[in-house]
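Here the structure comes first, spelled out in structure tokens, and everything after it is commentary.
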Amino acid sequence: MIKRLAHLCFKTDQLETMVRFYRDVLGLRVKFTLKNNDGRAFGYYFECGERSFLELFDQQGAVRQWGGEVVALKPAGGTCYQHFCLEVERLEAFHAGLVARKLAVTEIAVGMDHSKQCWIKDPDGNDIELMEYTRDSLQTKGSY
């Protein structure tokens, strides 16, 4: 039986920029890092609540550690990836903090699921939905 999303993994060519964004802008705590045999961090695990994580890997560091080859991260054509969503408490205050940091963020809206949401992008351009459940949210009430 599946209990929850364990982690979402991204490869990046700008690890430090991505780490600063998720740690310093969004406020996610680094749970642990993975280091190459030479002692350099090439992977970061960020806590997203209740044993769910966001995993970031420097793709060149991962290739040095495990083999493989460095690939273009922005493939020609489309992909199936659309976005990931982070549940947020006090969305209005969190939104105001992002605006104060001059991060491009959409206005807060209520979606078809009756949850409050806004959208941002990380430095690699990945879409991130920020969501706060309401008392009417289908995620908490369900619907058939």
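Following the order of the structure tokens, chains are lettered A, B, ..., residues in each are numbered from 1, and ligands are numbered from 1.
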key: Shell of 12 Å around stretch 40-51 of chain A, only C-alpha atoms, local chain residues under 3 positions omitted, as a PyMOL selection string   = chain A and resi 3-16+18-24+26-37+54-66+84-89
Next, the residues of the selection above should be written as a PDB file, in the first residue's frame with C-alpha atoms.
```pdb
ATOM      1  CA  LYS A   3       1.441   5.804   2.016  1.00  0.00           C
ATOM      2  CA  ARG A   4       2.676   9.128   0.538  1.00  0.00           C
ATOM      3  CA  LEU A   5       5.048  10.636  -1.973  1.00  0.00           C
ATOM      4  CA  ALA A   6       8.536   9.758  -0.711  1.00  0.00           C
ATOM      5  CA  HIS A   7      10.501  12.206  -2.835  1.00  0.00           C
ATOM      6  CA  LEU A   8      10.667  14.059  -6.095  1.00  0.00           C
ATOM      7  CA  CYS A   9      14.094  14.213  -7.750  1.00  0.00           C
ATOM      8  CA  PHE A  10      15.553  16.848 -10.055  1.00  0.00           C
ATOM      9  CA  LYS A  11      18.919  16.918 -11.796  1.00  0.00           C
ATOM     10  CA  THR A  12      20.403  20.360 -12.282  1.00  0.00           C
ATOM     11  CA  ASP A  13      23.412  22.118 -13.759  1.00  0.00           C
ATOM     12  CA  GLN A  14      23.164  24.938 -11.179  1.00  0.00           C
ATOM     13  CA  LEU A  15      23.138  23.117  -7.845  1.00  0.00           C
ATOM     14  CA  GLU A  16      24.110  26.031  -5.586  1.00  0.00           C
ATOM     15  CA  MET A  18      18.820  25.627  -6.699  1.00  0.00           C
ATOM     16  CA  VAL A  19      19.908  24.900  -3.106  1.00  0.00           C
ATOM     17  CA  ARG A  20      19.700  28.604  -2.218  1.00  0.00           C
ATOM     18  CA  PHE A  21      16.209  28.819  -3.756  1.00  0.00           C
ATOM     19  CA  TYR A  22      14.727  25.825  -1.928  1.00  0.00           C
ATOM     20  CA  ARG A  23      16.559  26.489   1.357  1.00  0.00           C
ATOM     21  CA  ASP A  24      16.723  30.285   1.564  1.00  0.00           C
ATOM     22  CA  LEU A  26      11.175  28.685   0.221  1.00  0.00           C
ATOM     23  CA  GLY A  27      12.573  27.816   3.656  1.00  0.00           C
ATOM     24  CA  LEU A  28      12.872  24.051   3.196  1.00  0.00           C
ATOM     25  CA  ARG A  29      15.294  22.446   5.652  1.00  0.00           C
ATOM     26  CA  VAL A  30      18.138  20.314   4.298  1.00  0.00           C
ATOM     27  CA  LYS A  31      17.714  16.893   5.914  1.00  0.00           C
ATOM     28  CA  PHE A  32      21.010  15.530   4.583  1.00  0.00           C
ATOM     29  CA  THR A  33      23.498  15.775   1.735  1.00  0.00           C
ATOM     30  CA  LEU A  34      25.180  13.103  -0.348  1.00  0.00           C
ATOM     31  CA  LYS A  35      28.884  13.573  -1.007  1.00  0.00           C
ATOM     32  CA  ASN A  36      31.107  12.225  -3.762  1.00  0.00           C
ATOM     33  CA  ASN A  37      34.101  10.085  -2.870  1.00  0.00           C
ATOM     34  CA  LEU A  54      12.647  17.010  -2.594  1.00  0.00           C
ATOM     35  CA  GLU A  55      15.918  15.616  -3.902  1.00  0.00           C
ATOM     36  CA  LEU A  56      18.343  17.717  -5.976  1.00  0.00           C
ATOM     37  CA  PHE A  57      21.398  16.318  -7.729  1.00  0.00           C
ATOM     38  CA  ASP A  58      24.173  18.083  -9.567  1.00  0.00           C
ATOM     39  CA  GLN A  59      24.145  15.965 -12.702  1.00  0.00           C
ATOM     40  CA  GLN A  60      27.916  16.140 -13.253  1.00  0.00           C
ATOM     41  CA  GLY A  61      28.537  15.088  -9.647  1.00  0.00           C
ATOM     42  CA  ALA A  62      26.082  12.203 -10.011  1.00  0.00           C
ATOM     43  CA  VAL A  63      27.858  11.024 -13.175  1.00  0.00           C
ATOM     44  CA  ARG A  64      31.232  11.171 -11.370  1.00  0.00           C
ATOM     45  CA  GLN A  65      29.809   9.126  -8.501  1.00  0.00           C
ATOM     46  CA  TRP A  66      27.646   6.560 -10.287  1.00  0.00           C
ATOM     47  CA  PHE A  84       4.808  19.587  -8.133  1.00  0.00           C
ATOM     48  CA  CYS A  85       2.852  21.011  -5.249  1.00  0.00           C
ATOM     49  CA  LEU A  86       3.915  22.003  -1.748  1.00  0.00           C
ATOM     50  CA  GLU A  87       1.281  22.298   0.953  1.00  0.00           C
ATOM     51  CA  VAL A  88       1.711  25.605   2.786  1.00  0.00           C
ATOM     52  CA  GLU A  89       0.290  26.913   6.062  1.00  0.00           C
TER      53      GLU A  89
END
```
task = Would you mind writing down, as a PyMOL selection string, each residue of stretch 1-143 of chain A that DSSP on the backbone assigns to helix (DSSP H, G or I)?
result = chain A and resi 15-25+59-66+91-100+138-141
task = Going by DSSP on the backbone, which bits of chain A are strand (DSSP E)? Write them as number ranges by chain, please.
result = A: 7-12, 30-35, 41-47, 53-58, 84-87, 109-110, 116-121, 127-132
inquiry  = Can you pull out the residues contacting A:Val99? Cut-off 12 Å, using only C-alpha atoms, and skip same-chain residues under 3 positions away; I want them as number ranges by chain.
reply    = A: 25-26, 92-96, 102-108, 118-120
ask   = Skipping near chain neighbours, those fewer than 2 positions away, what residues fall within 12 Å of A:Gln139 using only C-alpha atoms, listed as a ChimeraX atom specification?
value = /A:87,111-116,131-137,141-144
query = atom CA of A:Tyr81 and atom CA of A:Glu129, how far apart in Å?
reply = 13.1 Å
